[in-house]
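J.: Structure incoming, see below.
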Amino acid sequence: MSAWTLTRKDLAIYFRDPVGLALGLALPVALATVFGFAMGAVGGEEAAPRVRLYVEDHDRSPASEALLQALSEQEVLRIRTIDLDDDEERSARDRVAGGDGPAALVIPAGFAGAEGRALAFYRDPAKAVELQLITASLVPALFQARGEELALRAMQRGLDGFALSEVGKERAGQVLEETWSRISALRQEHAAADGEAHAFDLGSFLPSVLGLEVEDVVGDGKADANRMGAQSHSVSGIAVMMLLFGLVACGGTLLEEEAQGTLDRLRLSMGGSGSILAGKFLFAWMIGLVQLALLFAYGAWLFDVPIFRSPLALTVLSASVSAAATGFGILFAVLCRSRSQLEGLSTLVILTMSALGGSWWPLSMAPDWYQFLGHFTLTAWAMDGFQGIFWYGKDLTGILTEIGVLLAIAVLTSSAAAWVWSRRQGRA
Amino acid sequence: MNETAAVFARGLTRSFGERRAVHGLDLDLPLGQCLGLLGPNGAGKSTTVRMLSSLLSPSSGEVRVLGLDPVADRDRLRRRIGVVPQELALYEHLTGRENLAFFGRLSGLGGGELRAAVDRGLQLAGLTDRAGERVKKYSGGMKRRLNVAVALLHRPQLVFLDEPTVGIDPQSRNRIFEVVEELRREGTAMIYTSHQLGEVERLCDRILILDRGTPVAVGTLEELEYHPDVPRSGGLTLRFEGDEGARRALALCEREGLACKVEAERPGLEEVFLALTGRELRDGGDA
């Protein structure tokens, strides 16, 4: 009863303090917005971080223009075309060598001709992540722009595998070219109903040629599924990180009570000091729920985070995350002797936990040892749970492990806090 | 041990590591009396109050407060005592009424009893008219008065007042004196610590002087004035009501060849101030 009275008092003070409200509720919303936009969570064209690719087009043919067009349609690429008529402008190769960008593509004169000169690709090996993104975009762009030629070339290369004699190779090549010419002619003749001769996009049917049946098993088959994954991750990540900051601050009200002398008054009025801790726990836990609810509602409104996929699972998980973060915050508060000590120590630990636990980037991108280490933080379990619901559509039974671990963390940290607190009060 | 004692202590000691904050304190405070606790900074006054009010465990010694052991019977004792801390132990974002109601609820009051206690507290603090304002808007004097009122909500039998008048105007101080005097009339026992010797002289029945954690003297003001270690000038004071008595005594002294002088009693600066500015509270609160 007295714990609830203390909780009500703290809630009243919390919602009357504009600075506290700004830090506790508005700041997480602002950060989630910034991160959301930064991760390309809004708008299809800004769906992913963009990497610069310098391009020189010495061929200036319809084929090279088609390739440039296909490259510019790649979401992750920001194409910077070098003006070859400008004598002042540095070459694409020099720019990469000078550290201006991770890679450059040079389309040589004769690229589209009969000799089919090879593209030159210059890269900076130090920028490995950007290079992976560029390579991953370059292949589909080439398939899209040069699909027909690439398909023919692939078949020609395939003939080499048959170990034919020179004569046999020559004849097989002739058959292939004749057949390809006929198919091309038929293609022009029987263009699609809209009358346009569509580009030959090798990438779109390559999986079936290879005997692969491709199916997106998450994301509900939506075209912008990758964007939704990034959205839900960034909102969940900010929510968990800011929850930790917010609830450490709530736990810190214990230190404020001590500094302003009200703690003694509470001890005199409330009987056992355990009630004080229980009141603070309840207060922080409720603020945590409000914070999460606000952020997820905001995420659903702005970034389409699917918060209604499993409302029960989301509610139970949020309550568990809030309980674990509250236990963590209260433990820190009773371990520290002053507010400044609490702020310094908790900032260090929370930022480390956020980095290790996957608040800032998906843990799946990290090495195994990093993922293993990350799961010693409550952040990782919270992120697994939220991503399980938002992205993988899990229900309550699907996230029982995460909930169990989070509740165990809540019990452990709260028990440790109660033990430290009772020892401190006993010494007083 | 006297069962009717508000406080009984023998050899009360509290150490913090190697440092002894209070050492070998013997103390008797009968119910209904006010004990003044004096001493320079670091003398052990606050440590004594914290031990007697169950906020701090003694390192050794025997102590009973209202017949209870402050350690073993802590929860029962806390319901029967009130503590006015030296700090302004209030919530600035809550109103005066909310502060009183909050601490009243924690003290186990509810319903009509709580409302009555809150109204009484506001009246006692002279804050009925400002009850709905947040404490952060209160003046220092208003906060001090509220700080006292919070401790009295549940009508405790023993009240500890730790420098309750620090940094406030004479009107607010006077109101706190009135409250203390009212408590004395009601038979509430009190332990009052202050650096203002005049306050202790005015309000307390007995005085305990602590120095470096050790009691150096205890007794009524008169007993302390005649303490063997206090040097005396040898002069005596005769008090007369009106001028006539003084004139005749002066004439007698002159006739007998005795040295004496007559001085009119002076009211003191605080009395002058209150007479000129009035005793009513000046912070917009009710008088």
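Naming works like this for the structure tokens: A, B, ... for the chains as they're shown, residue 1 at the start of each chain, ligands 1 onward in shown order.
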What residues in chain B lie within 6 Å of chain A, counting only C-alpha atoms, written as a list in words?

T.: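 Going by the stated atoms only, the list reads Leu56, Asp75, Arg78, Glu87, Ala89, His93, Leu106 and Ser107 of chain B.
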
J.: Write the residues of the selection above to a file with N, CA and C atoms, as an mmCIF file, in the first residue's frame.

T.:
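Saved the output as part39.cif:
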data_model
loop_
_atom_site.group_PDB
_atom_site.id
_atom_site.type_symbol
_atom_site.label_atom_id
_atom_site.label_comp_id
_atom_site.auth_asym_id
_atom_site.auth_seq_id
_atom_site.Cartn_x
_atom_site.Cartn_y
_atom_site.Cartn_z
ATOM 1 N N LEU B 56 19.465 5.578 12.661
ATOM 2 C CA LEU B 56 20.866 5.153 12.748
ATOM 3 C C LEU B 56 20.993 4.205 13.938
ATOM 4 N N ASP B 75 9.669 -0.139 13.725
ATOM 5 C CA ASP B 75 8.433 0.234 13.029
ATOM 6 C C ASP B 75 7.390 0.802 13.998
ATOM 7 N N ARG B 78 8.473 4.344 15.013
ATOM 8 C CA ARG B 78 8.349 5.363 13.969
ATOM 9 C C ARG B 78 6.936 5.909 13.846
ATOM 10 N N GLU B 87 17.263 19.491 6.707
ATOM 11 C CA GLU B 87 17.023 19.776 5.287
ATOM 12 C C GLU B 87 15.533 20.012 5.072
ATOM 13 N N ALA B 89 12.922 18.634 3.650
ATOM 14 C CA ALA B 89 12.594 17.323 3.087
ATOM 15 C C ALA B 89 11.187 17.350 2.503
ATOM 16 N N HIS B 93 7.903 19.643 -6.617
ATOM 17 C CA HIS B 93 6.927 19.599 -7.713
ATOM 18 C C HIS B 93 5.511 19.288 -7.228
ATOM 19 N N LEU B 106 1.358 7.875 3.971
ATOM 20 C CA LEU B 106 2.429 6.953 4.358
ATOM 21 C C LEU B 106 2.401 6.669 5.857
ATOM 22 N N SER B 107 1.922 7.639 6.623
ATOM 23 C CA SER B 107 1.856 7.440 8.069
ATOM 24 C C SER B 107 0.617 6.648 8.488
#

J.: Which residues are near segment 330-336 of chain A? Cut-off 7 Å, only C-alpha atoms, ignore same chain within fewer than 6 positions. Put them as a list in words.

T.: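 The contact residues come out as Val248, Gly251, Gly252, Leu254, Leu255, Leu342, Thr413, Ser414, Ala416, Ala417, Val420 and Trp421 of chain A.
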
J.: Based on the selection just made, write all heavy atoms of those residues as a PDB file, in the first residue's frame.

T.:
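Okay, selection.pdb is ready:
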ATOM      1  N   VAL A 248      17.169   3.964 -15.630  1.00  0.00           N
ATOM      2  CA  VAL A 248      18.272   4.290 -14.711  1.00  0.00           C
ATOM      3  C   VAL A 248      17.976   5.643 -14.057  1.00  0.00           C
ATOM      4  O   VAL A 248      18.184   5.835 -12.851  1.00  0.00           O
ATOM      5  CB  VAL A 248      19.623   4.310 -15.449  1.00  0.00           C
ATOM      6  CG1 VAL A 248      20.689   4.996 -14.609  1.00  0.00           C
ATOM      7  CG2 VAL A 248      20.076   2.892 -15.763  1.00  0.00           C
ATOM      8  N   GLY A 251      15.429   5.105 -11.434  1.00  0.00           N
ATOM      9  CA  GLY A 251      16.073   4.521 -10.258  1.00  0.00           C
ATOM     10  C   GLY A 251      16.860   5.575  -9.494  1.00  0.00           C
ATOM     11  O   GLY A 251      16.944   5.556  -8.267  1.00  0.00           O
ATOM     12  N   GLY A 252      17.396   6.541 -10.255  1.00  0.00           N
ATOM     13  CA  GLY A 252      18.188   7.604  -9.648  1.00  0.00           C
ATOM     14  C   GLY A 252      17.380   8.506  -8.733  1.00  0.00           C
ATOM     15  O   GLY A 252      17.958   9.271  -7.950  1.00  0.00           O
ATOM     16  N   LEU A 254      15.976   7.582  -6.254  1.00  0.00           N
ATOM     17  CA  LEU A 254      16.365   7.132  -4.903  1.00  0.00           C
ATOM     18  C   LEU A 254      17.493   8.011  -4.364  1.00  0.00           C
ATOM     19  O   LEU A 254      17.486   8.417  -3.197  1.00  0.00           O
ATOM     20  CB  LEU A 254      16.877   5.695  -4.980  1.00  0.00           C
ATOM     21  CG  LEU A 254      15.958   4.566  -4.560  1.00  0.00           C
ATOM     22  CD1 LEU A 254      16.686   3.251  -4.734  1.00  0.00           C
ATOM     23  CD2 LEU A 254      15.461   4.711  -3.161  1.00  0.00           C
ATOM     24  N   LEU A 255      18.467   8.288  -5.257  1.00  0.00           N
ATOM     25  CA  LEU A 255      19.602   9.130  -4.845  1.00  0.00           C
ATOM     26  C   LEU A 255      19.145  10.563  -4.599  1.00  0.00           C
ATOM     27  O   LEU A 255      19.655  11.247  -3.713  1.00  0.00           O
ATOM     28  CB  LEU A 255      20.698   9.087  -5.904  1.00  0.00           C
ATOM     29  CG  LEU A 255      21.369   7.733  -6.100  1.00  0.00           C
ATOM     30  CD1 LEU A 255      22.258   7.726  -7.328  1.00  0.00           C
ATOM     31  CD2 LEU A 255      22.187   7.367  -4.867  1.00  0.00           C
ATOM     32  N   LEU A 342      26.181   7.886 -10.921  1.00  0.00           N
ATOM     33  CA  LEU A 342      25.198   7.040 -11.605  1.00  0.00           C
ATOM     34  C   LEU A 342      25.172   7.346 -13.099  1.00  0.00           C
ATOM     35  O   LEU A 342      25.184   6.432 -13.933  1.00  0.00           O
ATOM     36  CB  LEU A 342      23.804   7.263 -10.996  1.00  0.00           C
ATOM     37  CG  LEU A 342      22.648   6.538 -11.670  1.00  0.00           C
ATOM     38  CD1 LEU A 342      22.742   5.039 -11.436  1.00  0.00           C
ATOM     39  CD2 LEU A 342      21.303   7.047 -11.164  1.00  0.00           C
ATOM     40  N   THR A 413      18.553  -8.946 -10.941  1.00  0.00           N
ATOM     41  CA  THR A 413      18.999  -7.570 -10.675  1.00  0.00           C
ATOM     42  C   THR A 413      18.212  -6.957  -9.517  1.00  0.00           C
ATOM     43  O   THR A 413      18.793  -6.250  -8.688  1.00  0.00           O
ATOM     44  CB  THR A 413      18.858  -6.681 -11.934  1.00  0.00           C
ATOM     45  OG1 THR A 413      17.534  -6.843 -12.461  1.00  0.00           O
ATOM     46  CG2 THR A 413      19.874  -7.039 -12.988  1.00  0.00           C
ATOM     47  N   SER A 414      16.929  -7.239  -9.444  1.00  0.00           N
ATOM     48  CA  SER A 414      16.119  -6.678  -8.351  1.00  0.00           C
ATOM     49  C   SER A 414      16.548  -7.267  -7.009  1.00  0.00           C
ATOM     50  O   SER A 414      16.619  -6.550  -6.001  1.00  0.00           O
ATOM     51  CB  SER A 414      14.635  -6.964  -8.571  1.00  0.00           C
ATOM     52  OG  SER A 414      14.241  -6.455  -9.808  1.00  0.00           O
ATOM     53  N   ALA A 416      19.484  -8.463  -6.273  1.00  0.00           N
ATOM     54  CA  ALA A 416      20.794  -7.884  -5.939  1.00  0.00           C
ATOM     55  C   ALA A 416      20.615  -6.463  -5.418  1.00  0.00           C
ATOM     56  O   ALA A 416      21.262  -6.061  -4.438  1.00  0.00           O
ATOM     57  CB  ALA A 416      21.695  -7.893  -7.176  1.00  0.00           C
ATOM     58  N   ALA A 417      19.722  -5.703  -6.061  1.00  0.00           N
ATOM     59  CA  ALA A 417      19.480  -4.321  -5.613  1.00  0.00           C
ATOM     60  C   ALA A 417      18.920  -4.314  -4.192  1.00  0.00           C
ATOM     61  O   ALA A 417      19.342  -3.512  -3.349  1.00  0.00           O
ATOM     62  CB  ALA A 417      18.516  -3.627  -6.570  1.00  0.00           C
ATOM     63  N   VAL A 420      21.780  -5.111  -1.732  1.00  0.00           N
ATOM     64  CA  VAL A 420      22.689  -3.962  -1.547  1.00  0.00           C
ATOM     65  C   VAL A 420      21.992  -2.865  -0.749  1.00  0.00           C
ATOM     66  O   VAL A 420      22.560  -2.280   0.181  1.00  0.00           O
ATOM     67  CB  VAL A 420      23.154  -3.409  -2.923  1.00  0.00           C
ATOM     68  CG1 VAL A 420      23.971  -2.132  -2.751  1.00  0.00           C
ATOM     69  CG2 VAL A 420      23.958  -4.442  -3.677  1.00  0.00           C
ATOM     70  N   TRP A 421      20.745  -2.629  -1.079  1.00  0.00           N
ATOM     71  CA  TRP A 421      19.964  -1.575  -0.418  1.00  0.00           C
ATOM     72  C   TRP A 421      19.801  -1.863   1.074  1.00  0.00           C
ATOM     73  O   TRP A 421      19.993  -0.990   1.914  1.00  0.00           O
ATOM     74  CB  TRP A 421      18.609  -1.484  -1.114  1.00  0.00           C
ATOM     75  CG  TRP A 421      17.605  -0.557  -0.501  1.00  0.00           C
ATOM     76  CD1 TRP A 421      16.464  -0.900   0.151  1.00  0.00           C
ATOM     77  CD2 TRP A 421      17.628   0.879  -0.522  1.00  0.00           C
ATOM     78  NE1 TRP A 421      15.786   0.212   0.545  1.00  0.00           N
ATOM     79  CE2 TRP A 421      16.484   1.330   0.148  1.00  0.00           C
ATOM     80  CE3 TRP A 421      18.514   1.831  -1.029  1.00  0.00           C
ATOM     81  CZ2 TRP A 421      16.184   2.673   0.327  1.00  0.00           C
ATOM     82  CZ3 TRP A 421      18.224   3.162  -0.849  1.00  0.00           C
ATOM     83  CH2 TRP A 421      17.078   3.569  -0.187  1.00  0.00           C
TER      84      TRP A 421
END

J.: With segment 171-183 of chain B as the partner and 10 Å as the cut-off, tabulate the residues of segment 16-38 of chain B that qualify, each row holding the nearest pair of atoms and their distance in Å to one decimal, using only C-alpha atoms, sorted by chain and rising number, as a Markdown table.

T.:
| residue | atom | partner | partner_atom | distance |
| --- | --- | --- | --- | --- |
| B:Gly32 | CA | B:Leu183 | CA | 8.6 |
| B:Gln33 | CA | B:Leu183 | CA | 9.8 |
| B:Cys34 | CA | B:Val180 | CA | 9.1 |

J.: Atom CA of Leu243 of chain A and atom CA of Tyr392 of chain A are how many Å apart?

T.: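 We find that atom CA of Leu243 of chain A and atom CA of Tyr392 of chain A lie 22.9 Å from each other.
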
J.: Can you tell me, as an NGL selection string, which residues in segment 9-246 of chain B count as helix (DSSP H, G or I) by DSSP?

T.: :B and (45-52 or 74-78 or 96-106 or 111-125 or 128-130 or 135-137 or 140-152 or 170-186 or 197-203 or 221-225 or 243-246)

J.: What does the structure give for the distance between atom CA of Ile134 of chain A and atom CA of Leu53 of chain A, in Å to one decimal?

T.: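 Distance reported for this atom pair: 7.6 Å.
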
J.: Find the residues around Glu223 of chain B up to 10 Å (only C-alpha atoms counted), leave out those fewer than 5 positions away in its own chain, and share them as a list of chain:residue names.

T.: B:Arg206, B:Ile207, B:Ala217, B:Val218, B:Pro228

J.: Can you work out the spacing between atom CA of Val321 of chain A and atom CA of Gly404 of chain A in Å, to one decimal?

T.: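 Computing it gives 10.4 Å between the two atoms.
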
J.: Could you name the residues that touch Lys143 of chain B at 8 Å or less, counting only C-alpha atoms, but leaving out those on the same chain fewer than 6 positions away, as a count of residues only?

T.: 3

J.: Excluding same-chain residues fewer than 3 positions from Ala112 of chain A, what lies within 9 Å of it counting only C-alpha atoms, as a PDB file with all heavy atoms, in the first residue's frame?

T.:
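The new file around38.pdb reads:
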ATOM      1  N   ASP A  59      32.159   4.755 -73.857  1.00  0.00           N
ATOM      2  CA  ASP A  59      31.503   4.090 -74.990  1.00  0.00           C
ATOM      3  C   ASP A  59      30.378   4.951 -75.559  1.00  0.00           C
ATOM      4  O   ASP A  59      30.201   5.031 -76.769  1.00  0.00           O
ATOM      5  CB  ASP A  59      30.950   2.742 -74.527  1.00  0.00           C
ATOM      6  CG  ASP A  59      30.620   1.821 -75.698  1.00  0.00           C
ATOM      7  OD1 ASP A  59      31.442   1.734 -76.629  1.00  0.00           O
ATOM      8  OD2 ASP A  59      29.539   1.208 -75.671  1.00  0.00           O
ATOM      9  N   SER A  61      27.265   4.591 -75.806  1.00  0.00           N
ATOM     10  CA  SER A  61      26.390   3.839 -76.712  1.00  0.00           C
ATOM     11  C   SER A  61      25.063   3.594 -75.994  1.00  0.00           C
ATOM     12  O   SER A  61      24.967   3.779 -74.776  1.00  0.00           O
ATOM     13  CB  SER A  61      27.043   2.491 -77.041  1.00  0.00           C
ATOM     14  OG  SER A  61      27.173   1.745 -75.829  1.00  0.00           O
ATOM     15  N   PRO A  62      24.043   3.159 -76.740  1.00  0.00           N
ATOM     16  CA  PRO A  62      22.780   2.789 -76.059  1.00  0.00           C
ATOM     17  C   PRO A  62      23.019   1.721 -74.996  1.00  0.00           C
ATOM     18  O   PRO A  62      22.392   1.746 -73.934  1.00  0.00           O
ATOM     19  CB  PRO A  62      21.906   2.250 -77.190  1.00  0.00           C
ATOM     20  CG  PRO A  62      22.432   2.929 -78.414  1.00  0.00           C
ATOM     21  CD  PRO A  62      23.914   3.094 -78.192  1.00  0.00           C
ATOM     22  N   ALA A  63      23.961   0.809 -75.278  1.00  0.00           N
ATOM     23  CA  ALA A  63      24.219  -0.258 -74.296  1.00  0.00           C
ATOM     24  C   ALA A  63      24.833   0.320 -73.020  1.00  0.00           C
ATOM     25  O   ALA A  63      24.447  -0.070 -71.895  1.00  0.00           O
ATOM     26  CB  ALA A  63      25.162  -1.291 -74.896  1.00  0.00           C
ATOM     27  N   SER A  64      25.777   1.253 -73.165  1.00  0.00           N
ATOM     28  CA  SER A  64      26.392   1.824 -71.953  1.00  0.00           C
ATOM     29  C   SER A  64      25.390   2.693 -71.201  1.00  0.00           C
ATOM     30  O   SER A  64      25.378   2.731 -69.971  1.00  0.00           O
ATOM     31  CB  SER A  64      27.643   2.628 -72.325  1.00  0.00           C
ATOM     32  OG  SER A  64      27.301   3.779 -73.069  1.00  0.00           O
ATOM     33  N   ALA A 109      35.488   2.400 -74.441  1.00  0.00           N
ATOM     34  CA  ALA A 109      34.994   2.512 -75.813  1.00  0.00           C
ATOM     35  C   ALA A 109      35.049   1.122 -76.435  1.00  0.00           C
ATOM     36  O   ALA A 109      36.011   0.385 -76.219  1.00  0.00           O
ATOM     37  CB  ALA A 109      35.864   3.497 -76.588  1.00  0.00           C
ATOM     38  N   GLU A 115      33.655  -6.576 -80.393  1.00  0.00           N
ATOM     39  CA  GLU A 115      34.747  -7.141 -79.583  1.00  0.00           C
ATOM     40  C   GLU A 115      34.380  -7.228 -78.114  1.00  0.00           C
ATOM     41  O   GLU A 115      34.978  -7.996 -77.368  1.00  0.00           O
ATOM     42  CB  GLU A 115      36.034  -6.318 -79.763  1.00  0.00           C
ATOM     43  CG  GLU A 115      36.012  -4.930 -79.168  1.00  0.00           C
ATOM     44  CD  GLU A 115      35.494  -3.868 -80.124  1.00  0.00           C
ATOM     45  OE1 GLU A 115      34.574  -4.173 -80.942  1.00  0.00           O
ATOM     46  OE2 GLU A 115      35.981  -2.735 -80.051  1.00  0.00           O
ATOM     47  N   GLY A 116      33.343  -6.427 -77.696  1.00  0.00           N
ATOM     48  CA  GLY A 116      32.833  -6.494 -76.324  1.00  0.00           C
ATOM     49  C   GLY A 116      33.905  -6.301 -75.264  1.00  0.00           C
ATOM     50  O   GLY A 116      34.166  -7.189 -74.462  1.00  0.00           O
ATOM     51  N   ARG A 117      34.536  -5.124 -75.262  1.00  0.00           N
ATOM     52  CA  ARG A 117      35.644  -4.889 -74.324  1.00  0.00           C
ATOM     53  C   ARG A 117      35.161  -4.940 -72.885  1.00  0.00           C
ATOM     54  O   ARG A 117      34.035  -4.537 -72.564  1.00  0.00           O
ATOM     55  CB  ARG A 117      36.301  -3.542 -74.617  1.00  0.00           C
ATOM     56  CG  ARG A 117      37.142  -3.584 -75.901  1.00  0.00           C
ATOM     57  CD  ARG A 117      37.938  -2.319 -76.062  1.00  0.00           C
ATOM     58  NE  ARG A 117      38.872  -2.144 -74.960  1.00  0.00           N
ATOM     59  CZ  ARG A 117      39.519  -1.020 -74.736  1.00  0.00           C
ATOM     60  NH1 ARG A 117      39.321   0.025 -75.517  1.00  0.00           N
ATOM     61  NH2 ARG A 117      40.354  -0.929 -73.726  1.00  0.00           N
TER      62      ARG A 117
END

J.: Got a sec: who's within 8 Å of Ala21 of chain B, counting only C-alpha atoms, leaving out chain neighbours fewer than 5 positions off, as a PyMOL selection string?

T.: chain B and resi 13-16+42-44+47+212-213

J.: Restrict the selected residues to N, CA, C and O atoms and save them as a PDB file, in the first residue's frame.

T.:
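Written out: part.pdb:
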ATOM      1  N   THR B  13      26.624   5.302  22.196  1.00  0.00           N
ATOM      2  CA  THR B  13      27.852   5.554  21.422  1.00  0.00           C
ATOM      3  C   THR B  13      27.613   5.208  19.956  1.00  0.00           C
ATOM      4  O   THR B  13      26.932   4.228  19.645  1.00  0.00           O
ATOM      5  N   ARG B  14      28.156   6.035  19.080  1.00  0.00           N
ATOM      6  CA  ARG B  14      28.110   5.712  17.655  1.00  0.00           C
ATOM      7  C   ARG B  14      29.443   6.089  17.013  1.00  0.00           C
ATOM      8  O   ARG B  14      29.917   7.231  17.132  1.00  0.00           O
ATOM      9  N   SER B  15      30.042   5.111  16.349  1.00  0.00           N
ATOM     10  CA  SER B  15      31.318   5.352  15.682  1.00  0.00           C
ATOM     11  C   SER B  15      31.145   5.180  14.176  1.00  0.00           C
ATOM     12  O   SER B  15      30.359   4.339  13.724  1.00  0.00           O
ATOM     13  N   PHE B  16      31.889   5.964  13.415  1.00  0.00           N
ATOM     14  CA  PHE B  16      31.973   5.783  11.965  1.00  0.00           C
ATOM     15  C   PHE B  16      33.426   5.433  11.670  1.00  0.00           C
ATOM     16  O   PHE B  16      34.284   6.317  11.636  1.00  0.00           O
ATOM     17  N   GLY B  42      29.635  19.503  14.337  1.00  0.00           N
ATOM     18  CA  GLY B  42      30.376  18.254  14.504  1.00  0.00           C
ATOM     19  C   GLY B  42      30.368  17.737  15.931  1.00  0.00           C
ATOM     20  O   GLY B  42      31.083  16.782  16.263  1.00  0.00           O
ATOM     21  N   ALA B  43      29.521  18.331  16.772  1.00  0.00           N
ATOM     22  CA  ALA B  43      29.487  17.908  18.184  1.00  0.00           C
ATOM     23  C   ALA B  43      28.775  16.573  18.369  1.00  0.00           C
ATOM     24  O   ALA B  43      28.950  15.908  19.381  1.00  0.00           O
ATOM     25  N   GLY B  44      27.957  16.191  17.382  1.00  0.00           N
ATOM     26  CA  GLY B  44      27.227  14.923  17.484  1.00  0.00           C
ATOM     27  C   GLY B  44      25.733  15.093  17.686  1.00  0.00           C
ATOM     28  O   GLY B  44      25.034  14.127  17.997  1.00  0.00           O
ATOM     29  N   THR B  47      23.763  13.208  14.884  1.00  0.00           N
ATOM     30  CA  THR B  47      23.937  11.755  15.061  1.00  0.00           C
ATOM     31  C   THR B  47      23.073  11.274  16.221  1.00  0.00           C
ATOM     32  O   THR B  47      22.439  10.207  16.138  1.00  0.00           O
ATOM     33  N   ARG B 212      32.438  17.531  20.773  1.00  0.00           N
ATOM     34  CA  ARG B 212      33.229  16.423  20.235  1.00  0.00           C
ATOM     35  C   ARG B 212      32.608  15.064  20.573  1.00  0.00           C
ATOM     36  O   ARG B 212      33.309  14.129  20.959  1.00  0.00           O
ATOM     37  N   GLY B 213      31.311  14.991  20.489  1.00  0.00           N
ATOM     38  CA  GLY B 213      30.612  13.731  20.693  1.00  0.00           C
ATOM     39  C   GLY B 213      30.386  13.344  22.139  1.00  0.00           C
ATOM     40  O   GLY B 213      29.805  12.299  22.429  1.00  0.00           O
TER      41      GLY B 213
END
